[in-house]
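Just protein.pdb here, PDB, C-alpha atoms:
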```pdb
ATOM      1  CA  MET A   1       0.000   0.000   0.000
ATOM      2  CA  SER A   2       1.518   3.188  -1.104
ATOM      3  CA  LEU A   3      -0.494   5.561   0.958
ATOM      4  CA  VAL A   4       1.156   8.673   2.190
ATOM      5  CA  SER A   5       1.959   8.191   5.819
ATOM      6  CA  PRO A   6       0.100  10.763   7.925
ATOM      7  CA  ASP A   7       3.108  11.200  10.153
ATOM      8  CA  SER A   8       5.293  12.409   7.346
ATOM      9  CA  ILE A   9       2.710  15.000   6.390
ATOM     10  CA  LEU A  10       2.054  16.043   9.932
ATOM     11  CA  SER A  11       5.657  16.671  10.664
ATOM     12  CA  SER A  12       5.621  19.530   8.202
ATOM     13  CA  PRO A  13       6.059  22.865   9.914
ATOM     14  CA  VAL A  14       2.920  24.222   8.321
ATOM     15  CA  LEU A  15       0.670  21.851  10.173
ATOM     16  CA  THR A  16       2.475  21.706  13.446
ATOM     17  CA  ALA A  17       2.997  25.417  13.680
ATOM     18  CA  ASN A  18      -0.081  26.074  15.778
ATOM     19  CA  LEU A  19       0.023  23.007  17.931
ATOM     20  CA  PRO A  20       0.231  23.719  21.628
ATOM     21  CA  ALA A  21       3.222  21.551  22.389
ATOM     22  CA  ALA A  22       6.314  23.381  21.320
ATOM     23  CA  PRO A  23       7.731  24.809  24.502
ATOM     24  CA  SER A  24      11.253  25.056  23.234
ATOM     25  CA  ILE A  25      10.345  27.605  20.583
ATOM     26  CA  GLN A  26       8.528  30.004  22.833
ATOM     27  CA  PRO A  27      10.588  32.396  24.916
ATOM     28  CA  PRO A  28      10.307  31.840  28.662
ATOM     29  CA  ALA A  29       7.459  33.720  30.330
ATOM     30  CA  ALA A  30       6.464  35.473  27.139
ATOM     31  CA  PRO A  31       3.664  37.997  27.630
ATOM     32  CA  PRO A  32       0.531  37.465  25.546
ATOM     33  CA  LYS A  33       1.663  38.827  22.233
ATOM     34  CA  GLU A  34      -1.377  40.853  21.326
ATOM     35  CA  THR A  35       0.699  43.691  20.067
ATOM     36  CA  ALA A  36       3.076  41.467  18.156
ATOM     37  CA  ASP A  37       1.107  40.928  14.989
ATOM     38  CA  THR A  38      -2.547  41.596  14.438
ATOM     39  CA  THR A  39      -2.520  39.706  11.171
ATOM     40  CA  GLN A  40      -2.692  36.425  13.022
ATOM     41  CA  PRO A  41      -6.041  36.190  14.748
ATOM     42  CA  VAL A  42      -5.516  32.635  15.934
ATOM     43  CA  PRO A  43      -6.800  32.623  19.499
ATOM     44  CA  ALA A  44      -4.825  29.720  21.030
ATOM     45  CA  ALA A  45      -5.920  30.867  24.436
ATOM     46  CA  ARG A  46      -5.587  27.483  26.037
ATOM     47  CA  PRO A  47      -3.858  24.450  24.613
ATOM     48  CA  LEU A  48      -6.089  21.743  23.294
ATOM     49  CA  SER A  49      -6.250  18.632  25.347
ATOM     50  CA  LEU A  50      -6.102  15.279  23.670
ATOM     51  CA  GLN A  51      -9.802  14.894  24.388
ATOM     52  CA  ASP A  52     -10.609  18.082  22.503
ATOM     53  CA  GLU A  53      -8.589  16.934  19.550
ATOM     54  CA  PHE A  54     -10.246  13.557  19.614
ATOM     55  CA  GLY A  55     -13.645  15.225  19.706
ATOM     56  CA  ILE A  56     -12.781  17.325  16.670
ATOM     57  CA  PHE A  57     -11.386  14.282  14.918
ATOM     58  CA  PHE A  58     -14.428  12.188  15.695
ATOM     59  CA  SER A  59     -17.065  14.728  14.654
ATOM     60  CA  THR A  60     -15.155  15.470  11.460
ATOM     61  CA  PHE A  61     -14.729  11.801  10.722
ATOM     62  CA  ILE A  62     -18.370  10.875  11.273
ATOM     63  CA  THR A  63     -19.885  13.677   9.226
ATOM     64  CA  ILE A  64     -17.489  13.410   6.301
ATOM     65  CA  PHE A  65     -17.750   9.642   6.274
ATOM     66  CA  LEU A  66     -21.530   9.691   6.213
ATOM     67  CA  ALA A  67     -21.488  12.371   3.535
ATOM     68  CA  GLU A  68     -19.164  10.375   1.322
ATOM     69  CA  ILE A  69     -21.140   7.113   1.499
ATOM     70  CA  GLY A  70     -22.664   6.608  -1.922
ATOM     71  CA  ASP A  71     -21.104   9.799  -3.201
ATOM     72  CA  LYS A  72     -19.690  10.083  -6.664
ATOM     73  CA  THR A  73     -16.131   9.530  -5.521
ATOM     74  CA  GLN A  74     -17.050   6.278  -3.879
ATOM     75  CA  VAL A  75     -18.961   5.241  -6.978
ATOM     76  CA  THR A  76     -15.957   6.120  -9.138
ATOM     77  CA  VAL A  77     -13.641   4.028  -7.005
ATOM     78  CA  LEU A  78     -16.175   1.229  -7.039
ATOM     79  CA  LEU A  79     -16.475   1.212 -10.812
ATOM     80  CA  MET A  80     -12.753   1.511 -11.455
ATOM     81  CA  SER A  81     -11.897  -1.296  -9.073
ATOM     82  CA  ALA A  82     -14.602  -3.471 -10.560
ATOM     83  CA  GLN A  83     -13.366  -2.897 -14.109
ATOM     84  CA  SER A  84      -9.699  -3.387 -13.373
ATOM     85  CA  LYS A  85      -8.148  -6.604 -12.228
ATOM     86  CA  ALA A  86      -6.296  -4.818  -9.472
ATOM     87  CA  PRO A  87      -8.760  -3.213  -7.077
ATOM     88  CA  TRP A  88      -6.087  -2.545  -4.481
ATOM     89  CA  VAL A  89      -4.076  -0.467  -6.906
ATOM     90  CA  VAL A  90      -7.180   1.603  -7.549
ATOM     91  CA  PHE A  91      -7.718   1.917  -3.827
ATOM     92  CA  GLY A  92      -4.132   3.042  -3.347
ATOM     93  CA  GLY A  93      -4.407   5.747  -5.989
ATOM     94  CA  ALA A  94      -7.816   6.889  -4.799
ATOM     95  CA  GLY A  95      -6.754   6.913  -1.166
ATOM     96  CA  ALA A  96      -3.684   9.014  -1.935
ATOM     97  CA  ALA A  97      -5.822  11.429  -3.937
ATOM     98  CA  LEU A  98      -8.354  11.746  -1.126
ATOM     99  CA  ILE A  99      -5.638  12.397   1.426
ATOM    100  CA  ALA A 100      -4.149  15.003  -0.910
ATOM    101  CA  THR A 101      -7.442  16.823  -1.484
ATOM    102  CA  SER A 102      -8.317  16.866   2.192
ATOM    103  CA  LEU A 103      -4.845  18.174   2.993
ATOM    104  CA  CYS A 104      -5.319  20.902   0.379
ATOM    105  CA  GLY A 105      -8.695  21.814   1.873
ATOM    106  CA  VAL A 106      -7.461  21.922   5.445
ATOM    107  CA  LEU A 107      -4.392  23.950   4.524
ATOM    108  CA  LEU A 108      -6.514  26.365   2.512
ATOM    109  CA  GLY A 109      -8.769  26.788   5.518
ATOM    110  CA  LYS A 110      -5.758  27.292   7.739
ATOM    111  CA  TRP A 111      -4.404  29.919   5.377
ATOM    112  CA  LEU A 112      -7.762  31.666   5.284
ATOM    113  CA  SER A 113      -7.815  31.760   9.064
ATOM    114  CA  THR A 114      -4.677  33.888   9.000
ATOM    115  CA  ARG A 115      -6.310  36.343   6.610
ATOM    116  CA  ILE A 116      -9.823  36.798   7.937
ATOM    117  CA  SER A 117     -10.926  37.893  11.359
ATOM    118  CA  PRO A 118     -12.095  35.015  13.538
ATOM    119  CA  ARG A 119     -15.634  36.245  13.854
ATOM    120  CA  LEU A 120     -16.161  36.636  10.129
ATOM    121  CA  LEU A 121     -14.391  33.354   9.607
ATOM    122  CA  ASP A 122     -16.764  31.492  11.907
ATOM    123  CA  LYS A 123     -19.726  32.898  10.002
ATOM    124  CA  ALA A 124     -18.164  32.060   6.649
ATOM    125  CA  ALA A 125     -17.345  28.548   7.810
ATOM    126  CA  ALA A 126     -20.888  28.101   9.103
ATOM    127  CA  VAL A 127     -22.291  29.245   5.770
ATOM    128  CA  LEU A 128     -19.965  26.858   3.964
ATOM    129  CA  LEU A 129     -21.105  23.984   6.148
ATOM    130  CA  LEU A 130     -24.713  24.902   5.442
ATOM    131  CA  VAL A 131     -23.899  24.875   1.725
ATOM    132  CA  VAL A 132     -22.477  21.385   2.133
ATOM    133  CA  ALA A 133     -25.617  20.330   3.979
ATOM    134  CA  GLY A 134     -27.676  21.830   1.169
ATOM    135  CA  MET A 135     -25.722  19.853  -1.420
ATOM    136  CA  LEU A 136     -26.377  16.696   0.563
ATOM    137  CA  VAL A 137     -30.073  17.444   0.799
ATOM    138  CA  TRP A 138     -30.096  18.088  -2.934
ATOM    139  CA  ASP A 139     -28.551  14.655  -3.459
ATOM    140  CA  VAL A 140     -31.191  13.094  -1.255
ATOM    141  CA  VAL A 141     -34.011  14.871  -3.050
ATOM    142  CA  GLN A 142     -32.703  13.840  -6.412
ATOM    143  CA  GLY A 143     -32.483  10.268  -5.255
ATOM    144  CA  MET A 144     -28.839  10.137  -6.251
TER     145      MET A 144
ATOM    146  CA  MET B 145       2.321  -2.781  -9.626
ATOM    147  CA  ASP B 146       0.325  -1.117 -12.365
ATOM    148  CA  TRP B 147       1.573   2.443 -12.172
ATOM    149  CA  ASN B 148      -0.677   3.597 -14.994
ATOM    150  CA  LEU B 149      -3.727   2.390 -13.135
ATOM    151  CA  LEU B 150      -2.466   3.901  -9.916
ATOM    152  CA  GLY B 151      -1.918   7.255 -11.594
ATOM    153  CA  LEU B 152      -5.264   7.080 -13.348
ATOM    154  CA  ALA B 153      -7.094   6.374 -10.107
ATOM    155  CA  PHE B 154      -5.227   9.180  -8.381
ATOM    156  CA  VAL B 155      -5.919  11.783 -11.053
ATOM    157  CA  THR B 156      -9.555  10.779 -11.503
ATOM    158  CA  VAL B 157     -10.372  10.920  -7.829
ATOM    159  CA  PHE B 158      -8.281  14.031  -7.236
ATOM    160  CA  VAL B 159     -10.045  15.993  -9.965
ATOM    161  CA  SER B 160     -13.508  14.777  -9.057
ATOM    162  CA  GLU B 161     -12.904  15.578  -5.424
ATOM    163  CA  LEU B 162     -11.637  19.127  -5.954
ATOM    164  CA  GLY B 163     -14.275  21.540  -4.787
ATOM    165  CA  ASP B 164     -16.563  18.739  -3.777
ATOM    166  CA  LYS B 165     -18.570  18.600  -0.586
ATOM    167  CA  SER B 166     -15.935  16.946   1.520
ATOM    168  CA  GLN B 167     -13.251  19.406   0.499
ATOM    169  CA  LEU B 168     -15.541  22.352   1.195
ATOM    170  CA  ALA B 169     -16.209  20.870   4.592
ATOM    171  CA  ALA B 170     -12.480  20.415   5.126
ATOM    172  CA  ILE B 171     -11.892  24.068   4.277
ATOM    173  CA  ALA B 172     -14.621  25.197   6.658
ATOM    174  CA  LEU B 173     -13.566  22.940   9.509
ATOM    175  CA  GLY B 174      -9.884  23.579   8.977
ATOM    176  CA  SER B 175     -10.365  27.327   9.144
ATOM    177  CA  SER B 176     -12.654  27.391  12.158
ATOM    178  CA  GLY B 177     -11.440  24.400  14.072
ATOM    179  CA  LYS B 178      -8.830  24.797  16.715
ATOM    180  CA  SER B 179      -6.882  21.778  15.614
ATOM    181  CA  VAL B 180      -5.880  21.507  11.984
ATOM    182  CA  ARG B 181      -4.281  18.163  12.653
ATOM    183  CA  ALA B 182      -7.461  16.602  14.035
ATOM    184  CA  VAL B 183      -9.555  17.928  11.157
ATOM    185  CA  PHE B 184      -7.100  16.645   8.587
ATOM    186  CA  LEU B 185      -6.851  13.210  10.160
ATOM    187  CA  GLY B 186     -10.620  12.950  10.512
ATOM    188  CA  THR B 187     -11.269  14.004   6.942
ATOM    189  CA  ALA B 188      -8.597  11.805   5.417
ATOM    190  CA  ALA B 189      -9.572   8.784   7.489
ATOM    191  CA  ALA B 190     -13.250   9.185   6.604
ATOM    192  CA  LEU B 191     -12.553   9.524   2.885
ATOM    193  CA  VAL B 192     -10.162   6.604   2.775
ATOM    194  CA  LEU B 193     -12.571   4.412   4.722
ATOM    195  CA  ALA B 194     -15.447   5.369   2.415
ATOM    196  CA  SER B 195     -13.457   4.445  -0.689
ATOM    197  CA  PHE B 196     -12.243   1.307   1.068
ATOM    198  CA  LEU B 197     -15.861   0.287   1.547
ATOM    199  CA  GLY B 198     -16.401   1.060  -2.122
ATOM    200  CA  VAL B 199     -13.678  -1.400  -3.071
ATOM    201  CA  ILE B 200     -14.795  -4.057  -0.574
ATOM    202  CA  LEU B 201     -18.495  -3.958  -1.227
ATOM    203  CA  GLY B 202     -18.314  -3.310  -4.943
ATOM    204  CA  GLY B 203     -21.712  -2.757  -6.449
ATOM    205  CA  GLY B 204     -23.479  -3.771  -3.293
ATOM    206  CA  VAL B 205     -23.078  -0.488  -1.453
ATOM    207  CA  ALA B 206     -26.545   0.730  -2.286
ATOM    208  CA  GLN B 207     -28.042  -2.582  -1.196
ATOM    209  CA  VAL B 208     -26.080  -2.798   2.021
ATOM    210  CA  MET B 209     -26.505   0.801   3.097
ATOM    211  CA  PRO B 210     -29.482   3.113   2.830
ATOM    212  CA  THR B 211     -27.435   5.871   1.265
ATOM    213  CA  ARG B 212     -30.244   8.414   1.188
ATOM    214  CA  TRP B 213     -30.828   8.195   4.909
ATOM    215  CA  ILE B 214     -27.116   8.258   5.584
ATOM    216  CA  LYS B 215     -26.760  11.416   3.520
ATOM    217  CA  ALA B 216     -29.673  13.003   5.325
ATOM    218  CA  ILE B 217     -28.025  12.225   8.661
ATOM    219  CA  ALA B 218     -24.783  13.727   7.396
ATOM    220  CA  ALA B 219     -26.636  16.875   6.321
ATOM    221  CA  ILE B 220     -28.060  17.200   9.830
ATOM    222  CA  GLY B 221     -24.569  16.767  11.221
ATOM    223  CA  PHE B 222     -23.224  19.604   9.094
ATOM    224  CA  VAL B 223     -26.106  21.847  10.098
ATOM    225  CA  ILE B 224     -25.375  21.129  13.751
ATOM    226  CA  MET B 225     -21.729  22.019  13.282
ATOM    227  CA  ALA B 226     -22.702  25.228  11.499
ATOM    228  CA  ILE B 227     -25.036  26.208  14.326
ATOM    229  CA  ARG B 228     -22.323  25.441  16.840
ATOM    230  CA  LEU B 229     -20.050  27.840  14.988
ATOM    231  CA  LEU B 230     -22.673  30.572  14.977
ATOM    232  CA  LEU B 231     -23.669  30.226  18.596
ATOM    233  CA  PRO B 232     -21.863  32.498  21.006
ATOM    234  CA  GLY B 233     -19.809  30.707  23.577
ATOM    235  CA  ALA B 234     -18.548  28.031  21.267
ATOM    236  CA  THR B 235     -15.787  30.394  20.267
ATOM    237  CA  ASP B 236     -14.518  33.333  22.245
ATOM    238  CA  GLU B 237     -17.032  35.939  21.254
ATOM    239  CA  SER B 238     -15.793  38.441  23.820
ATOM    240  CA  LEU B 239     -12.891  39.714  21.774
ATOM    241  CA  ASP B 240     -13.786  43.373  21.758
ATOM    242  CA  GLY B 241     -17.469  43.903  22.260
ATOM    243  CA  ASP B 242     -19.981  43.814  19.451
ATOM    244  CA  GLU B 243     -19.107  46.385  16.889
ATOM    245  CA  SER B 244     -21.296  44.875  14.236
ATOM    246  CA  ALA B 245     -24.367  46.089  16.171
TER     247      ALA B 245
END
```
Any chance you could give the structure as structure tokens?
Amino acid sequence: MSLVSPDSILSSPVLTANLPAAPSIQPPAAPPKETADTTQPVPAARPLSLQDEFGIFFSTFITIFLAEIGDKTQVTVLLMSAQSKAPWVVFGGAGAALIATSLCGVLLGKWLSTRISPRLLDKAAAVLLLVVAGMLVWDVVQGM
Amino acid sequence: MDWNLLGLAFVTVFVSELGDKSQLAAIALGSSGKSVRAVFLGTAAALVLASFLGVILGGGVAQVMPTRWIKAIAAIGFVIMAIRLLLPGATDESLDGDESA
């Protein structure tokens, strides 16, 4: 299986930049740097516990998984693996592509969060999620 | 290893997935969520598992799973997450008062 290992991606500085655990980088007893740069509205008031992260992971996983069941990507993978004699090769390619697109999406969101104020961002993200819900409802109404 | 097939599967899925629901959701959750890592892992794991089921079950997905109901449940889930984002308290609303009046 030639899937991209999550660890290798996650060790990139882009993703780990905002993680709470990096005590060696921060100066000792640094004051809250509100005056440092206003272009970075990332709150990071309190570090996320493992439970918080697991909650985010789980809610993301469940919703995306349910949304993707019977979606066109799954159907594409299904058809390609049925036509070819090597379904696992198809799965490998499709899995790598899905990891790549989700990484692109998350990084784009992360980049946006450094550009837009948090309050506007929350509203925009909520609207985007409602759009996704609307697309799902449209799929349901159309009967796929 | 059939590299042509591998590349074909990659490109097909990558293109069809660009701008699709799950990527939009990843953008939204990645921008608002506190943990980019958790959102990425959740999204990637869900997508890979869904395509894994596609390979395993083959044409029987629709028979095994009531996809319409599952999609409806997913839609409700996204609406709940959107409401959670809009509700005060979920994020620190008390940045500097309410200037938007």
Starting from the displayed file, determine the output of the PyMOL selection byres ((chain B and resi 211-219) around 7) and express the residue list as a ChimeraX atom specification. /A:63,66-67,69-70,133,136-137,140 /B:206,209-210,220-223
Could those residues be written to a file, using C-alpha atoms, as a CSV table (one decimal), in the coordinates of the input?
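Writing the result to result.csv gives the following:
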```
chain,number,residue,atom,x,y,z
A,63,THR,CA,-19.9,13.7,9.2
A,66,LEU,CA,-21.5,9.7,6.2
A,67,ALA,CA,-21.5,12.4,3.5
A,69,ILE,CA,-21.1,7.1,1.5
A,70,GLY,CA,-22.7,6.6,-1.9
A,133,ALA,CA,-25.6,20.3,4.0
A,136,LEU,CA,-26.4,16.7,0.6
A,137,VAL,CA,-30.1,17.4,0.8
A,140,VAL,CA,-31.2,13.1,-1.3
B,206,ALA,CA,-26.5,0.7,-2.3
B,209,MET,CA,-26.5,0.8,3.1
B,210,PRO,CA,-29.5,3.1,2.8
B,220,ILE,CA,-28.1,17.2,9.8
B,221,GLY,CA,-24.6,16.8,11.2
B,222,PHE,CA,-23.2,19.6,9.1
B,223,VAL,CA,-26.1,21.8,10.1
```
For this file, the ChimeraX specification (/A :<7) & /B selects which residues, as number ranges by chain? B: 149-151, 153-154, 157-158, 160-162, 165-176, 179-192, 194-196, 198-199, 202-203, 211-212, 214-216, 218-219, 221-223, 226-227, 229-230
If you keep C-alpha atoms, can you produce a file of those selected residues as a PDB file, in the coordinates of the input?
```
ATOM      1  CA  LEU B 149      -3.727   2.390 -13.135  1.00  0.00           C
ATOM      2  CA  LEU B 150      -2.466   3.901  -9.916  1.00  0.00           C
ATOM      3  CA  GLY B 151      -1.918   7.255 -11.594  1.00  0.00           C
ATOM      4  CA  ALA B 153      -7.094   6.374 -10.107  1.00  0.00           C
ATOM      5  CA  PHE B 154      -5.227   9.180  -8.381  1.00  0.00           C
ATOM      6  CA  VAL B 157     -10.372  10.920  -7.829  1.00  0.00           C
ATOM      7  CA  PHE B 158      -8.281  14.031  -7.236  1.00  0.00           C
ATOM      8  CA  SER B 160     -13.508  14.777  -9.057  1.00  0.00           C
ATOM      9  CA  GLU B 161     -12.904  15.578  -5.424  1.00  0.00           C
ATOM     10  CA  LEU B 162     -11.637  19.127  -5.954  1.00  0.00           C
ATOM     11  CA  LYS B 165     -18.570  18.600  -0.586  1.00  0.00           C
ATOM     12  CA  SER B 166     -15.935  16.946   1.520  1.00  0.00           C
ATOM     13  CA  GLN B 167     -13.251  19.406   0.499  1.00  0.00           C
ATOM     14  CA  LEU B 168     -15.541  22.352   1.195  1.00  0.00           C
ATOM     15  CA  ALA B 169     -16.209  20.870   4.592  1.00  0.00           C
ATOM     16  CA  ALA B 170     -12.480  20.415   5.126  1.00  0.00           C
ATOM     17  CA  ILE B 171     -11.892  24.068   4.277  1.00  0.00           C
ATOM     18  CA  ALA B 172     -14.621  25.197   6.658  1.00  0.00           C
ATOM     19  CA  LEU B 173     -13.566  22.940   9.509  1.00  0.00           C
ATOM     20  CA  GLY B 174      -9.884  23.579   8.977  1.00  0.00           C
ATOM     21  CA  SER B 175     -10.365  27.327   9.144  1.00  0.00           C
ATOM     22  CA  SER B 176     -12.654  27.391  12.158  1.00  0.00           C
ATOM     23  CA  SER B 179      -6.882  21.778  15.614  1.00  0.00           C
ATOM     24  CA  VAL B 180      -5.880  21.507  11.984  1.00  0.00           C
ATOM     25  CA  ARG B 181      -4.281  18.163  12.653  1.00  0.00           C
ATOM     26  CA  ALA B 182      -7.461  16.602  14.035  1.00  0.00           C
ATOM     27  CA  VAL B 183      -9.555  17.928  11.157  1.00  0.00           C
ATOM     28  CA  PHE B 184      -7.100  16.645   8.587  1.00  0.00           C
ATOM     29  CA  LEU B 185      -6.851  13.210  10.160  1.00  0.00           C
ATOM     30  CA  GLY B 186     -10.620  12.950  10.512  1.00  0.00           C
ATOM     31  CA  THR B 187     -11.269  14.004   6.942  1.00  0.00           C
ATOM     32  CA  ALA B 188      -8.597  11.805   5.417  1.00  0.00           C
ATOM     33  CA  ALA B 189      -9.572   8.784   7.489  1.00  0.00           C
ATOM     34  CA  ALA B 190     -13.250   9.185   6.604  1.00  0.00           C
ATOM     35  CA  LEU B 191     -12.553   9.524   2.885  1.00  0.00           C
ATOM     36  CA  VAL B 192     -10.162   6.604   2.775  1.00  0.00           C
ATOM     37  CA  ALA B 194     -15.447   5.369   2.415  1.00  0.00           C
ATOM     38  CA  SER B 195     -13.457   4.445  -0.689  1.00  0.00           C
ATOM     39  CA  PHE B 196     -12.243   1.307   1.068  1.00  0.00           C
ATOM     40  CA  GLY B 198     -16.401   1.060  -2.122  1.00  0.00           C
ATOM     41  CA  VAL B 199     -13.678  -1.400  -3.071  1.00  0.00           C
ATOM     42  CA  GLY B 202     -18.314  -3.310  -4.943  1.00  0.00           C
ATOM     43  CA  GLY B 203     -21.712  -2.757  -6.449  1.00  0.00           C
ATOM     44  CA  THR B 211     -27.435   5.871   1.265  1.00  0.00           C
ATOM     45  CA  ARG B 212     -30.244   8.414   1.188  1.00  0.00           C
ATOM     46  CA  ILE B 214     -27.116   8.258   5.584  1.00  0.00           C
ATOM     47  CA  LYS B 215     -26.760  11.416   3.520  1.00  0.00           C
ATOM     48  CA  ALA B 216     -29.673  13.003   5.325  1.00  0.00           C
ATOM     49  CA  ALA B 218     -24.783  13.727   7.396  1.00  0.00           C
ATOM     50  CA  ALA B 219     -26.636  16.875   6.321  1.00  0.00           C
ATOM     51  CA  GLY B 221     -24.569  16.767  11.221  1.00  0.00           C
ATOM     52  CA  PHE B 222     -23.224  19.604   9.094  1.00  0.00           C
ATOM     53  CA  VAL B 223     -26.106  21.847  10.098  1.00  0.00           C
ATOM     54  CA  ALA B 226     -22.702  25.228  11.499  1.00  0.00           C
ATOM     55  CA  ILE B 227     -25.036  26.208  14.326  1.00  0.00           C
ATOM     56  CA  LEU B 229     -20.050  27.840  14.988  1.00  0.00           C
ATOM     57  CA  LEU B 230     -22.673  30.572  14.977  1.00  0.00           C
TER      58      LEU B 230
END
```
Would you mind reading off the distance between CA of Ile200 in chain B and CA of Trp147 in chain B, one decimal, in Å?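 Result for CA of Ile200 in chain B versus CA of Trp147 in chain B: 21.1 Å, one decimal.
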CA of Arg228 in chain B to CA of Leu120 in chain A measures 14.4 Å
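When CA of Val159 in chain B is paired with CA of Ile224 in chain B, their separation reads 28.7 Å.
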Pull N, CA and C atoms for range 117-133 of chain A from the block and write them as a PDB file, in the first residue's frame.
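Output saved as decode.pdb:
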```pdb
ATOM      1  N   SER A 117     -10.725  37.798   9.911  1.00  0.00           N
ATOM      2  CA  SER A 117     -10.926  37.893  11.359  1.00  0.00           C
ATOM      3  C   SER A 117     -11.722  36.695  11.837  1.00  0.00           C
ATOM      4  N   PRO A 118     -11.476  36.259  13.063  1.00  0.00           N
ATOM      5  CA  PRO A 118     -12.095  35.015  13.538  1.00  0.00           C
ATOM      6  C   PRO A 118     -13.612  35.041  13.493  1.00  0.00           C
ATOM      7  N   ARG A 119     -14.174  36.207  13.799  1.00  0.00           N
ATOM      8  CA  ARG A 119     -15.634  36.245  13.854  1.00  0.00           C
ATOM      9  C   ARG A 119     -16.245  36.072  12.471  1.00  0.00           C
ATOM     10  N   LEU A 120     -15.684  36.793  11.505  1.00  0.00           N
ATOM     11  CA  LEU A 120     -16.161  36.636  10.129  1.00  0.00           C
ATOM     12  C   LEU A 120     -15.900  35.218   9.639  1.00  0.00           C
ATOM     13  N   LEU A 121     -14.761  34.690  10.054  1.00  0.00           N
ATOM     14  CA  LEU A 121     -14.391  33.354   9.607  1.00  0.00           C
ATOM     15  C   LEU A 121     -15.387  32.319  10.114  1.00  0.00           C
ATOM     16  N   ASP A 122     -15.801  32.441  11.368  1.00  0.00           N
ATOM     17  CA  ASP A 122     -16.764  31.492  11.907  1.00  0.00           C
ATOM     18  C   ASP A 122     -18.065  31.550  11.116  1.00  0.00           C
ATOM     19  N   LYS A 123     -18.488  32.769  10.777  1.00  0.00           N
ATOM     20  CA  LYS A 123     -19.726  32.898  10.002  1.00  0.00           C
ATOM     21  C   LYS A 123     -19.548  32.299   8.615  1.00  0.00           C
ATOM     22  N   ALA A 124     -18.403  32.601   7.983  1.00  0.00           N
ATOM     23  CA  ALA A 124     -18.164  32.060   6.649  1.00  0.00           C
ATOM     24  C   ALA A 124     -18.104  30.544   6.684  1.00  0.00           C
ATOM     25  N   ALA A 125     -17.441  30.002   7.705  1.00  0.00           N
ATOM     26  CA  ALA A 125     -17.345  28.548   7.810  1.00  0.00           C
ATOM     27  C   ALA A 125     -18.719  27.936   8.037  1.00  0.00           C
ATOM     28  N   ALA A 126     -19.541  28.611   8.854  1.00  0.00           N
ATOM     29  CA  ALA A 126     -20.888  28.101   9.103  1.00  0.00           C
ATOM     30  C   ALA A 126     -21.702  28.098   7.808  1.00  0.00           C
ATOM     31  N   VAL A 127     -21.571  29.185   7.037  1.00  0.00           N
ATOM     32  CA  VAL A 127     -22.291  29.245   5.770  1.00  0.00           C
ATOM     33  C   VAL A 127     -21.818  28.132   4.838  1.00  0.00           C
ATOM     34  N   LEU A 128     -20.512  27.906   4.819  1.00  0.00           N
ATOM     35  CA  LEU A 128     -19.965  26.858   3.964  1.00  0.00           C
ATOM     36  C   LEU A 128     -20.492  25.485   4.378  1.00  0.00           C
ATOM     37  N   LEU A 129     -20.574  25.265   5.681  1.00  0.00           N
ATOM     38  CA  LEU A 129     -21.105  23.984   6.148  1.00  0.00           C
ATOM     39  C   LEU A 129     -22.578  23.842   5.780  1.00  0.00           C
ATOM     40  N   LEU A 130     -23.307  24.962   5.843  1.00  0.00           N
ATOM     41  CA  LEU A 130     -24.713  24.902   5.442  1.00  0.00           C
ATOM     42  C   LEU A 130     -24.830  24.612   3.947  1.00  0.00           C
ATOM     43  N   VAL A 131     -23.901  25.171   3.159  1.00  0.00           N
ATOM     44  CA  VAL A 131     -23.899  24.875   1.725  1.00  0.00           C
ATOM     45  C   VAL A 131     -23.676  23.378   1.503  1.00  0.00           C
ATOM     46  N   VAL A 132     -22.731  22.824   2.256  1.00  0.00           N
ATOM     47  CA  VAL A 132     -22.477  21.385   2.133  1.00  0.00           C
ATOM     48  C   VAL A 132     -23.733  20.597   2.497  1.00  0.00           C
ATOM     49  N   ALA A 133     -24.376  21.004   3.584  1.00  0.00           N
ATOM     50  CA  ALA A 133     -25.617  20.330   3.979  1.00  0.00           C
ATOM     51  C   ALA A 133     -26.666  20.455   2.882  1.00  0.00           C
TER      52      ALA A 133
END
```
